[in-house]
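Source file query13.pdb; content: PDB, C-alpha atoms.
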ATOM      1  CA  MET O   1      77.445-188.607  71.093
ATOM      2  CA  SER O   2      76.915-186.124  73.897
ATOM      3  CA  LEU O   3      78.246-186.555  77.396
ATOM      4  CA  VAL O   4      75.377-187.225  79.765
ATOM      5  CA  GLU O   5      75.404-187.206  83.553
ATOM      6  CA  PRO O   6      72.743-187.022  86.284
ATOM      7  CA  ASP O   7      72.688-183.691  88.122
ATOM      8  CA  ASP O   8      72.268-183.315  91.860
ATOM      9  CA  ALA O   9      68.492-183.527  91.486
ATOM     10  CA  GLY O  10      68.631-186.671  89.348
ATOM     11  CA  SER O  11      67.983-185.068  85.932
ATOM     12  CA  ARG O  12      69.977-186.321  82.954
ATOM     13  CA  LEU O  13      72.026-183.406  81.602
ATOM     14  CA  GLU O  14      74.148-183.333  78.468
ATOM     15  CA  VAL O  15      76.880-181.033  77.180
ATOM     16  CA  ARG O  16      77.672-180.229  73.538
ATOM     17  CA  LEU O  17      78.227-177.357  71.146
ATOM     18  CA  ALA O  18      75.216-175.379  69.907
ATOM     19  CA  SER O  19      73.954-176.866  66.672
ATOM     20  CA  GLY O  20      72.182-173.827  65.200
ATOM     21  CA  ASP O  21      70.792-170.336  65.600
ATOM     22  CA  GLU O  22      67.906-171.412  67.842
ATOM     23  CA  GLU O  23      70.264-172.821  70.459
ATOM     24  CA  ILE O  24      72.557-169.778  70.254
ATOM     25  CA  ARG O  25      69.547-167.526  70.825
ATOM     26  CA  ALA O  26      68.637-169.662  73.850
ATOM     27  CA  ALA O  27      72.160-169.163  75.236
ATOM     28  CA  GLN O  28      71.838-165.410  74.684
ATOM     29  CA  ALA O  29      68.488-165.408  76.497
ATOM     30  CA  LEU O  30      70.013-167.314  79.422
ATOM     31  CA  ARG O  31      72.876-164.833  79.560
ATOM     32  CA  TYR O  32      70.365-161.968  79.666
ATOM     33  CA  ARG O  33      68.432-163.526  82.543
ATOM     34  CA  VAL O  34      71.581-164.126  84.580
ATOM     35  CA  PHE O  35      73.639-161.024  83.780
ATOM     36  CA  TYR O  36      70.942-158.368  83.449
ATOM     37  CA  GLU O  37      67.882-159.539  85.365
ATOM     38  CA  GLU O  38      69.686-161.313  88.201
ATOM     39  CA  MET O  39      73.078-159.609  88.517
ATOM     40  CA  GLY O  40      72.099-156.038  87.661
ATOM     41  CA  ALA O  41      73.995-155.451  84.414
ATOM     42  CA  LYS O  42      72.754-152.582  82.241
ATOM     43  CA  PRO O  43      71.426-153.700  78.846
ATOM     44  CA  THR O  44      71.426-151.646  75.687
ATOM     45  CA  ASP O  45      68.017-150.749  74.294
ATOM     46  CA  ALA O  46      68.396-153.453  71.671
ATOM     47  CA  MET O  47      69.235-156.087  74.298
ATOM     48  CA  ALA O  48      66.300-155.064  76.482
ATOM     49  CA  ALA O  49      63.937-155.273  73.520
ATOM     50  CA  ARG O  50      65.074-158.807  72.662
ATOM     51  CA  HIS O  51      65.700-159.974  76.259
ATOM     52  CA  ALA O  52      69.039-161.285  75.013
ATOM     53  CA  ASP O  53      72.712-160.593  75.669
ATOM     54  CA  PHE O  54      74.528-160.453  72.333
ATOM     55  CA  ASP O  55      77.475-158.896  70.521
ATOM     56  CA  ASP O  56      79.492-159.320  67.331
ATOM     57  CA  PHE O  57      81.520-162.185  68.785
ATOM     58  CA  ASP O  58      78.522-164.513  68.984
ATOM     59  CA  ALA O  59      78.545-165.080  65.225
ATOM     60  CA  VAL O  60      82.121-166.405  65.158
ATOM     61  CA  CYS O  61      82.439-168.185  68.529
ATOM     62  CA  ASP O  62      81.510-171.726  69.468
ATOM     63  CA  HIS O  63      78.811-171.924  72.149
ATOM     64  CA  LEU O  64      79.170-174.758  74.636
ATOM     65  CA  LEU O  65      75.809-175.702  76.142
ATOM     66  CA  VAL O  66      74.539-177.726  79.063
ATOM     67  CA  ILE O  67      71.104-179.043  78.143
ATOM     68  CA  ASP O  68      68.363-180.622  80.237
ATOM     69  CA  PRO O  69      66.313-182.687  77.757
ATOM     70  CA  ALA O  70      63.494-182.851  80.309
ATOM     71  CA  LYS O  71      62.876-179.130  79.684
ATOM     72  CA  GLY O  72      62.408-179.615  75.954
ATOM     73  CA  ARG O  73      64.253-180.094  72.699
ATOM     74  CA  GLY O  74      66.915-177.779  71.336
ATOM     75  CA  GLY O  75      67.015-174.302  72.778
ATOM     76  CA  ALA O  76      64.250-174.998  75.276
ATOM     77  CA  GLY O  77      66.587-177.217  77.280
ATOM     78  CA  VAL O  78      69.592-174.856  77.560
ATOM     79  CA  VAL O  79      70.535-174.353  81.230
ATOM     80  CA  GLY O  80      74.236-173.453  81.013
ATOM     81  CA  THR O  81      76.643-171.948  78.504
ATOM     82  CA  TYR O  82      80.250-170.960  77.824
ATOM     83  CA  ARG O  83      81.506-169.035  74.790
ATOM     84  CA  LEU O  84      84.717-170.304  73.182
ATOM     85  CA  MET O  85      86.939-168.798  70.472
ATOM     86  CA  ARG O  86      90.085-170.421  69.126
ATOM     87  CA  ARG O  87      93.135-168.373  68.195
ATOM     88  CA  ALA O  88      92.732-168.832  64.442
ATOM     89  CA  ILE O  89      89.097-167.720  64.561
ATOM     90  CA  GLY O  90      89.904-164.636  66.635
ATOM     91  CA  GLU O  91      92.762-163.635  64.376
ATOM     92  CA  ARG O  92      90.570-164.070  61.301
ATOM     93  CA  PHE O  93      87.830-162.024  62.986
ATOM     94  CA  GLY O  94      90.363-159.338  63.783
ATOM     95  CA  ARG O  95      90.077-159.012  67.555
ATOM     96  CA  PHE O  96      89.521-160.755  70.877
ATOM     97  CA  TYR O  97      86.958-159.711  73.472
ATOM     98  CA  THR O  98      89.585-159.523  76.221
ATOM     99  CA  ALA O  99      91.591-157.012  74.185
ATOM    100  CA  GLY O 100      88.893-154.434  74.920
ATOM    101  CA  GLU O 101      90.145-154.402  78.520
ATOM    102  CA  TYR O 102      93.679-155.851  78.446
ATOM    103  CA  ASP O 103      96.861-155.686  76.426
ATOM    104  CA  ILE O 104      97.158-159.353  75.396
ATOM    105  CA  SER O 105     100.165-158.933  73.103
ATOM    106  CA  LYS O 106     102.302-161.238  75.284
ATOM    107  CA  ILE O 107      99.683-163.981  75.053
ATOM    108  CA  VAL O 108      99.553-163.574  71.276
ATOM    109  CA  ALA O 109     103.358-163.691  71.081
ATOM    110  CA  ASN O 110     103.944-166.590  73.500
ATOM    111  CA  GLY O 111     100.636-168.345  74.084
ATOM    112  CA  GLY O 112     100.899-170.979  71.357
ATOM    113  CA  GLN O 113      97.619-172.545  70.293
ATOM    114  CA  PHE O 114      95.350-170.650  72.687
ATOM    115  CA  MET O 115      91.636-169.974  72.989
ATOM    116  CA  GLU O 116      89.554-167.265  74.624
ATOM    117  CA  LEU O 117      86.578-168.134  76.756
ATOM    118  CA  GLY O 118      83.875-166.102  78.464
ATOM    119  CA  ARG O 119      80.170-165.367  78.888
ATOM    120  CA  SER O 120      79.869-168.268  81.320
ATOM    121  CA  CYS O 121      76.583-168.636  83.160
ATOM    122  CA  VAL O 122      74.215-171.270  84.524
ATOM    123  CA  ASP O 123      70.499-171.079  85.249
ATOM    124  CA  THR O 124      69.953-170.526  88.962
ATOM    125  CA  ARG O 125      68.129-173.863  89.381
ATOM    126  CA  TYR O 126      71.120-175.760  87.964
ATOM    127  CA  ARG O 127      73.986-174.146  89.858
ATOM    128  CA  ASN O 128      75.514-177.247  91.318
ATOM    129  CA  ARG O 129      78.633-179.339  91.012
ATOM    130  CA  SER O 130      77.193-181.633  88.339
ATOM    131  CA  THR O 131      76.454-178.796  85.933
ATOM    132  CA  MET O 132      79.899-177.238  86.402
ATOM    133  CA  ASN O 133      81.549-180.634  85.978
ATOM    134  CA  LEU O 134      79.756-181.026  82.660
ATOM    135  CA  LEU O 135      80.809-177.568  81.459
ATOM    136  CA  TRP O 136      84.427-178.282  82.342
ATOM    137  CA  ALA O 137      84.281-181.750  80.804
ATOM    138  CA  GLY O 138      83.021-180.099  77.621
ATOM    139  CA  ILE O 139      85.855-177.562  77.722
ATOM    140  CA  ALA O 140      88.373-180.365  78.323
ATOM    141  CA  SER O 141      87.157-182.258  75.288
ATOM    142  CA  TYR O 142      87.126-179.087  73.160
ATOM    143  CA  VAL O 143      90.690-178.342  74.257
ATOM    144  CA  ARG O 144      91.790-181.862  73.369
ATOM    145  CA  GLU O 145      90.064-181.893  69.985
ATOM    146  CA  ASN O 146      91.597-178.543  68.997
ATOM    147  CA  ASN O 147      95.063-179.024  70.522
ATOM    148  CA  VAL O 148      94.709-175.910  72.676
ATOM    149  CA  ASP O 149      97.717-175.091  74.878
ATOM    150  CA  MET O 150      96.308-172.249  76.968
ATOM    151  CA  MET O 151      92.987-170.537  77.565
ATOM    152  CA  PHE O 152      92.310-167.059  78.830
ATOM    153  CA  GLY O 153      89.497-164.588  79.326
ATOM    154  CA  CYS O 154      87.954-161.996  81.598
ATOM    155  CA  ALA O 155      86.478-163.314  84.845
ATOM    156  CA  SER O 156      84.416-161.166  87.166
ATOM    157  CA  LEU O 157      84.247-160.308  90.828
ATOM    158  CA  PRO O 158      80.868-158.867  91.894
ATOM    159  CA  GLY O 159      80.589-155.104  92.336
ATOM    160  CA  THR O 160      82.472-152.054  91.115
ATOM    161  CA  ASP O 161      84.121-150.795  94.327
ATOM    162  CA  PRO O 162      87.736-152.042  94.399
ATOM    163  CA  GLU O 163      88.063-151.135  98.083
ATOM    164  CA  LYS O 164      85.389-153.705  98.936
ATOM    165  CA  LEU O 165      87.347-156.240  96.884
ATOM    166  CA  ALA O 166      90.757-155.176  98.190
ATOM    167  CA  THR O 167      91.597-158.479  99.913
ATOM    168  CA  GLN O 168      90.568-160.608  96.926
ATOM    169  CA  LEU O 169      92.387-158.444  94.394
ATOM    170  CA  SER O 170      95.517-158.303  96.531
ATOM    171  CA  TYR O 171      95.457-162.064  97.088
ATOM    172  CA  LEU O 172      95.326-162.599  93.321
ATOM    173  CA  TYR O 173      98.175-160.146  92.813
ATOM    174  CA  HIS O 174     100.459-161.602  95.499
ATOM    175  CA  TRP O 175      99.821-165.330  94.935
ATOM    176  CA  HIS O 176      98.626-165.792  91.345
ATOM    177  CA  LEU O 177     100.206-163.143  89.108
ATOM    178  CA  ALA O 178     101.055-164.610  85.703
ATOM    179  CA  PRO O 179     104.690-165.040  84.651
ATOM    180  CA  ASP O 180     105.954-161.937  82.865
ATOM    181  CA  PRO O 181     106.422-163.553  79.404
ATOM    182  CA  ILE O 182     102.672-164.233  79.089
ATOM    183  CA  ARG O 183     101.277-161.615  81.482
ATOM    184  CA  PRO O 184      98.446-159.429  80.151
ATOM    185  CA  CYS O 185      98.061-155.945  81.573
ATOM    186  CA  ALA O 186      94.933-153.841  81.920
ATOM    187  CA  LEU O 187      94.847-151.034  79.369
ATOM    188  CA  PRO O 188      96.276-147.828  80.897
ATOM    189  CA  HIS O 189      93.000-145.890  80.870
ATOM    190  CA  LEU O 190      91.176-148.825  82.535
ATOM    191  CA  HIS O 191      93.882-150.054  84.908
ATOM    192  CA  THR O 192      92.881-150.436  88.578
ATOM    193  CA  ASP O 193      95.694-151.394  90.944
ATOM    194  CA  MET O 194      95.255-154.866  92.454
ATOM    195  CA  ASN O 195      98.039-154.489  95.051
ATOM    196  CA  ARG O 196      95.876-152.865  97.726
ATOM    197  CA  VAL O 197      96.745-154.869 100.862
ATOM    198  CA  PRO O 198     100.263-155.939 101.909
ATOM    199  CA  LYS O 199     100.880-159.657 101.466
ATOM    200  CA  GLU O 200     101.677-160.222 105.138
ATOM    201  CA  ARG O 201      98.236-158.906 106.130
ATOM    202  CA  ILE O 202      96.324-161.435 104.016
ATOM    203  CA  ASP O 203      95.083-164.828 105.156
ATOM    204  CA  PRO O 204      95.293-166.719 101.826
ATOM    205  CA  ARG O 205      92.885-169.468 102.849
ATOM    206  CA  ARG O 206      90.221-166.971 103.850
ATOM    207  CA  ALA O 207      90.790-164.855 100.731
ATOM    208  CA  LEU O 208      90.401-167.908  98.499
ATOM    209  CA  ALA O 209      87.260-168.963 100.339
ATOM    210  CA  GLU O 210      85.715-165.547  99.670
ATOM    211  CA  MET O 211      86.635-165.554  95.981
ATOM    212  CA  ALA O 212      83.954-165.630  93.272
ATOM    213  CA  PRO O 213      83.294-169.312  92.413
ATOM    214  CA  LEU O 214      84.361-169.060  88.755
ATOM    215  CA  VAL O 215      87.664-167.351  89.614
ATOM    216  CA  LYS O 216      88.235-169.876  92.395
ATOM    217  CA  GLY O 217      87.700-172.682  89.891
ATOM    218  CA  TYR O 218      90.367-171.281  87.583
ATOM    219  CA  LEU O 219      92.808-170.932  90.464
ATOM    220  CA  ARG O 220      92.266-174.518  91.554
ATOM    221  CA  LEU O 221      93.288-175.578  88.046
ATOM    222  CA  GLY O 222      96.537-173.653  88.479
ATOM    223  CA  GLY O 223      95.363-170.445  86.859
ATOM    224  CA  PHE O 224      97.176-167.108  86.751
ATOM    225  CA  VAL O 225      95.879-163.547  86.541
ATOM    226  CA  GLY O 226      97.063-160.505  84.633
ATOM    227  CA  ASP O 227      98.216-157.233  86.142
ATOM    228  CA  GLY O 228      95.432-154.788  86.909
ATOM    229  CA  ALA O 229      91.691-155.093  87.370
ATOM    230  CA  VAL O 230      89.096-153.372  85.179
ATOM    231  CA  ILE O 231      85.840-151.877  86.457
ATOM    232  CA  ASP O 232      82.963-152.859  84.170
ATOM    233  CA  HIS O 233      80.052-150.580  84.994
ATOM    234  CA  GLN O 234      77.772-152.133  82.380
ATOM    235  CA  PHE O 235      78.020-155.559  83.997
ATOM    236  CA  ASN O 236      78.346-154.263  87.586
ATOM    237  CA  THR O 237      81.586-156.207  88.039
ATOM    238  CA  THR O 238      85.320-155.870  88.542
ATOM    239  CA  ASP O 239      87.138-157.950  85.941
ATOM    240  CA  VAL O 240      90.438-159.784  86.111
ATOM    241  CA  CYS O 241      92.176-161.519  83.240
ATOM    242  CA  VAL O 242      92.629-165.225  83.979
ATOM    243  CA  MET O 243      94.838-167.752  82.164
ATOM    244  CA  VAL O 244      95.063-171.533  82.548
ATOM    245  CA  LYS O 245      97.522-173.957  80.962
ATOM    246  CA  THR O 246      95.093-176.419  79.466
ATOM    247  CA  GLU O 247      96.929-179.663  80.209
ATOM    248  CA  LEU O 248      95.724-179.162  83.776
ATOM    249  CA  VAL O 249      92.115-179.068  82.569
ATOM    250  CA  THR O 250      92.377-182.018  80.239
ATOM    251  CA  ASP O 251      94.218-184.170  82.777
ATOM    252  CA  LYS O 252      91.601-183.528  85.443
ATOM    253  CA  TYR O 253      88.437-183.930  83.383
ATOM    254  CA  ILE O 254      89.380-186.443  80.707
ATOM    255  CA  LYS O 255      90.645-188.788  83.415
ATOM    256  CA  HIS O 256      87.423-188.229  85.364
ATOM    257  CA  TYR O 257      85.179-189.110  82.417
ATOM    258  CA  ASP O 258      87.575-191.650  80.902
ATOM    259  CA  ARG O 259      86.587-192.703  77.388
ATOM    260  CA  THR O 260      83.207-191.000  77.411
ATOM    261  CA  ALA O 261      84.742-187.523  77.555
ATOM    262  CA  ARG O 262      86.445-188.106  74.222
ATOM    263  CA  ASP O 263      83.022-188.219  72.584
ATOM    264  CA  VAL O 264      81.578-185.032  74.093
ATOM    265  CA  LEU O 265      81.702-183.055  70.851
ATOM    266  CA  ALA O 266      81.738-185.906  68.337
ATOM    267  CA  GLY O 267      78.119-185.746  67.286
TER
END
Just give me the structure as structure tokens.
Amino acid sequence: MSLVEPDDAGSRLEVRLASGDEEIRAAQALRYRVFYEEMGAKPTDAMAARHADFDDFDAVCDHLLVIDPAKGRGGAGVVGTYRLMRRAIGERFGRFYTAGEYDISKIVANGGQFMELGRSCVDTRYRNRSTMNLLWAGIASYVRENNVDMMFGCASLPGTDPEKLATQLSYLYHWHLAPDPIRPCALPHLHTDMNRVPKERIDPRRALAEMAPLVKGYLRLGGFVGDGAVIDHQFNTTDVCVMVKTELVTDKYIKHYDRTARDVLAG
């Protein structure tokens, strides 16, 4: 049974894993609309021809979807997505997406039963608390079902000028740097220093208020960040590596949805 909840406009939304290629293609099309048409990312020729954001990871990852049945069946109703990859799947595949930007060897050595997550986006008409609650409830149930200890992935700040993001990057560095035993570090040729403003010159409440919503959400769950930001010119973003101990996610969202959350991915 899927988890269903009214959104802020009264629609009945549900969250579950994609059940086939059609729904995965719908998630890729949503990602293209958000990342490339709305946010100014630069597609490859193949992506532009298909109006879809895709890569090799899509074939091995699980795709968490928020669906509005009022829009249509299957892929027609996809309005939000998150891409999830458990440790065993990534190791069998031979690589993790984050490893293209960060040295994650400490996570691999000390992260236990972890998962990587990314490619999060929501259709502009559904960007509200209800949709995000459903995505996180889905992640909480996925974490619980797969006994995941920690999750990590690249999260983005808008723009590619680190000076314009100096306060946000420095706030993350001074207040939320991951403990050394699990701390990822941006690859040397991609590393952009995050320590750009002295700690005493930062108003932490204001810096948090200005933070990108997704990064702010991770921090509110007790998240950490790795050392170094990475400029991603294709996506027109500045990336940070974020990690969250998943008991914080499961406690928050499984308690919120009580018994129903246990059935999010059961059928």
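Here CA of Cys61 in chain O and CA of Ala48 in chain O stand 22.3 Å from one another.
Shortest atom-to-atom contact with Gly20 in chain O among O:Met150, O:Leu65, O:Met115, O:Ala41: O:Leu65, counting all atoms listed in the file.
Here CA of Asp62 in chain O and CA of Ile24 in chain O stand 9.2 Å from one another.
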Length of the CA of Pro198 in chain O to CA of Gly153 in chain O vector [Å] = 26.5 Å
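Distance check against Met151 in chain O using only C-alpha atoms: of O:His51, O:Lys216, O:Arg87, O:Arg25, the minimum falls on O:Arg87.
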key: Contact residues around Ala209 in chain O with all atoms listed in the file at 12 Å, ignoring same-chain residues under 4 positions, as a list in words   = Thr167, Gln168, Tyr171, Asp203, Pro204, Arg205, Pro213, Leu214, Val215, Lys216, Gly217, Leu219 and Arg220 of chain O
Would you tabulate, counting only C-alpha atoms, all residues of range 64-97 of chain O that have an atom at most 8 Å from an atom of range 120-128 of chain O, showing the closest pair of atoms and their distance in Å to one decimal, sorted by chain then ascending number, as JSON lines?
{"residue": "O:Val79", "atom": "CA", "partner": "O:Asp123", "partner_atom": "CA", "distance": 5.2}
{"residue": "O:Gly80", "atom": "CA", "partner": "O:Val122", "partner_atom": "CA", "distance": 4.1}
{"residue": "O:Thr81", "atom": "CA", "partner": "O:Ser120", "partner_atom": "CA", "distance": 5.6}
{"residue": "O:Tyr82", "atom": "CA", "partner": "O:Ser120", "partner_atom": "CA", "distance": 4.4}
{"residue": "O:Arg83", "atom": "CA", "partner": "O:Ser120", "partner_atom": "CA", "distance": 6.8}
Could the residues in this selection be written to a file with C-alpha atoms, as a PDB file, keeping the file's coordinate frame?
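Once everything was written out, this is result31.pdb:
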ATOM      1  CA  VAL O  79      70.535-174.353  81.230  1.00  0.00           C
ATOM      2  CA  GLY O  80      74.236-173.453  81.013  1.00  0.00           C
ATOM      3  CA  THR O  81      76.643-171.948  78.504  1.00  0.00           C
ATOM      4  CA  TYR O  82      80.250-170.960  77.824  1.00  0.00           C
ATOM      5  CA  ARG O  83      81.506-169.035  74.790  1.00  0.00           C
TER       6      ARG O  83
END
request  = Skip range 155-162 of chain O itself and residues of its chain fewer than 6 positions away, then list as a ChimeraX atom specification all residues within 10 Å of it, counting only C-alpha atoms.
outcome  = /O:39-40,98,117-120,168-169,192-194,196,211-215,218,225,229-243
Dump as a compact mmCIF listing (two decimals), keeping the file's coordinate frame, selection limited to C-alpha atoms:
# COMPACT_ATOMS: atom_id res chain seq x y z
CA MET O 39 73.08 -159.61 88.52
CA GLY O 40 72.10 -156.04 87.66
CA THR O 98 89.58 -159.52 76.22
CA LEU O 117 86.58 -168.13 76.76
CA GLY O 118 83.88 -166.10 78.46
CA ARG O 119 80.17 -165.37 78.89
CA SER O 120 79.87 -168.27 81.32
CA GLN O 168 90.57 -160.61 96.93
CA LEU O 169 92.39 -158.44 94.39
CA THR O 192 92.88 -150.44 88.58
CA ASP O 193 95.69 -151.39 90.94
CA MET O 194 95.26 -154.87 92.45
CA ARG O 196 95.88 -152.86 97.73
CA MET O 211 86.64 -165.55 95.98
CA ALA O 212 83.95 -165.63 93.27
CA PRO O 213 83.29 -169.31 92.41
CA LEU O 214 84.36 -169.06 88.76
CA VAL O 215 87.66 -167.35 89.61
CA TYR O 218 90.37 -171.28 87.58
CA VAL O 225 95.88 -163.55 86.54
CA ALA O 229 91.69 -155.09 87.37
CA VAL O 230 89.10 -153.37 85.18
CA ILE O 231 85.84 -151.88 86.46
CA ASP O 232 82.96 -152.86 84.17
CA HIS O 233 80.05 -150.58 84.99
CA GLN O 234 77.77 -152.13 82.38
CA PHE O 235 78.02 -155.56 84.00
CA ASN O 236 78.35 -154.26 87.59
CA THR O 237 81.59 -156.21 88.04
CA THR O 238 85.32 -155.87 88.54
CA ASP O 239 87.14 -157.95 85.94
CA VAL O 240 90.44 -159.78 86.11
CA CYS O 241 92.18 -161.52 83.24
CA VAL O 242 92.63 -165.22 83.98
CA MET O 243 94.84 -167.75 82.16
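Of the listed residues O:Leu172, O:Pro188, O:Ala140, O:Ala207, the one whose atoms come nearest to Leu248 in chain O is O:Ala140, with distances taken using only C-alpha atoms.
Protein, DNA and RNA residues at most 8 Å from (84.3, -165.3, 68.0), with all atoms listed in the file, are these: Asp56, Phe57, Asp58, Ala59, Val60, Cys61, Asp62, Leu84, Met85, Arg86, Ile89, Gly90, Phe93 and Phe96 of chain O.
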inquiry  = Using all atoms listed in the file, can you tell me which of O:Arg31, O:Lys245, O:Ala99, O:Lys106 comes closest to Leu190 in chain O?
reply    = O:Ala99
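Picked out by the PyMOL selection byres ((chain O and resi 176-184) around 6) when it runs on this file: Asp103, Ile104, Lys106, Ile107, Leu172, Tyr173, Trp175, Cys185, Phe224, Val225 and Gly226 of chain O.
Using only C-alpha atoms, the shortest contact distance between Asp21 in chain O and any of O:Thr44, O:Gly94, O:His191, O:Gly74 is found at O:Gly74.
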To box range 199-205 of chain O, take all atoms listed in the file, fit an axis-aligned box, add 4 Å on each side, and give centre and edge lengths in Å to one decimal, as JSON.
{"center_x": 97.3, "center_y": -164.2, "center_z": 103.8, "size_x": 16.8, "size_y": 18.6, "size_z": 12.7}
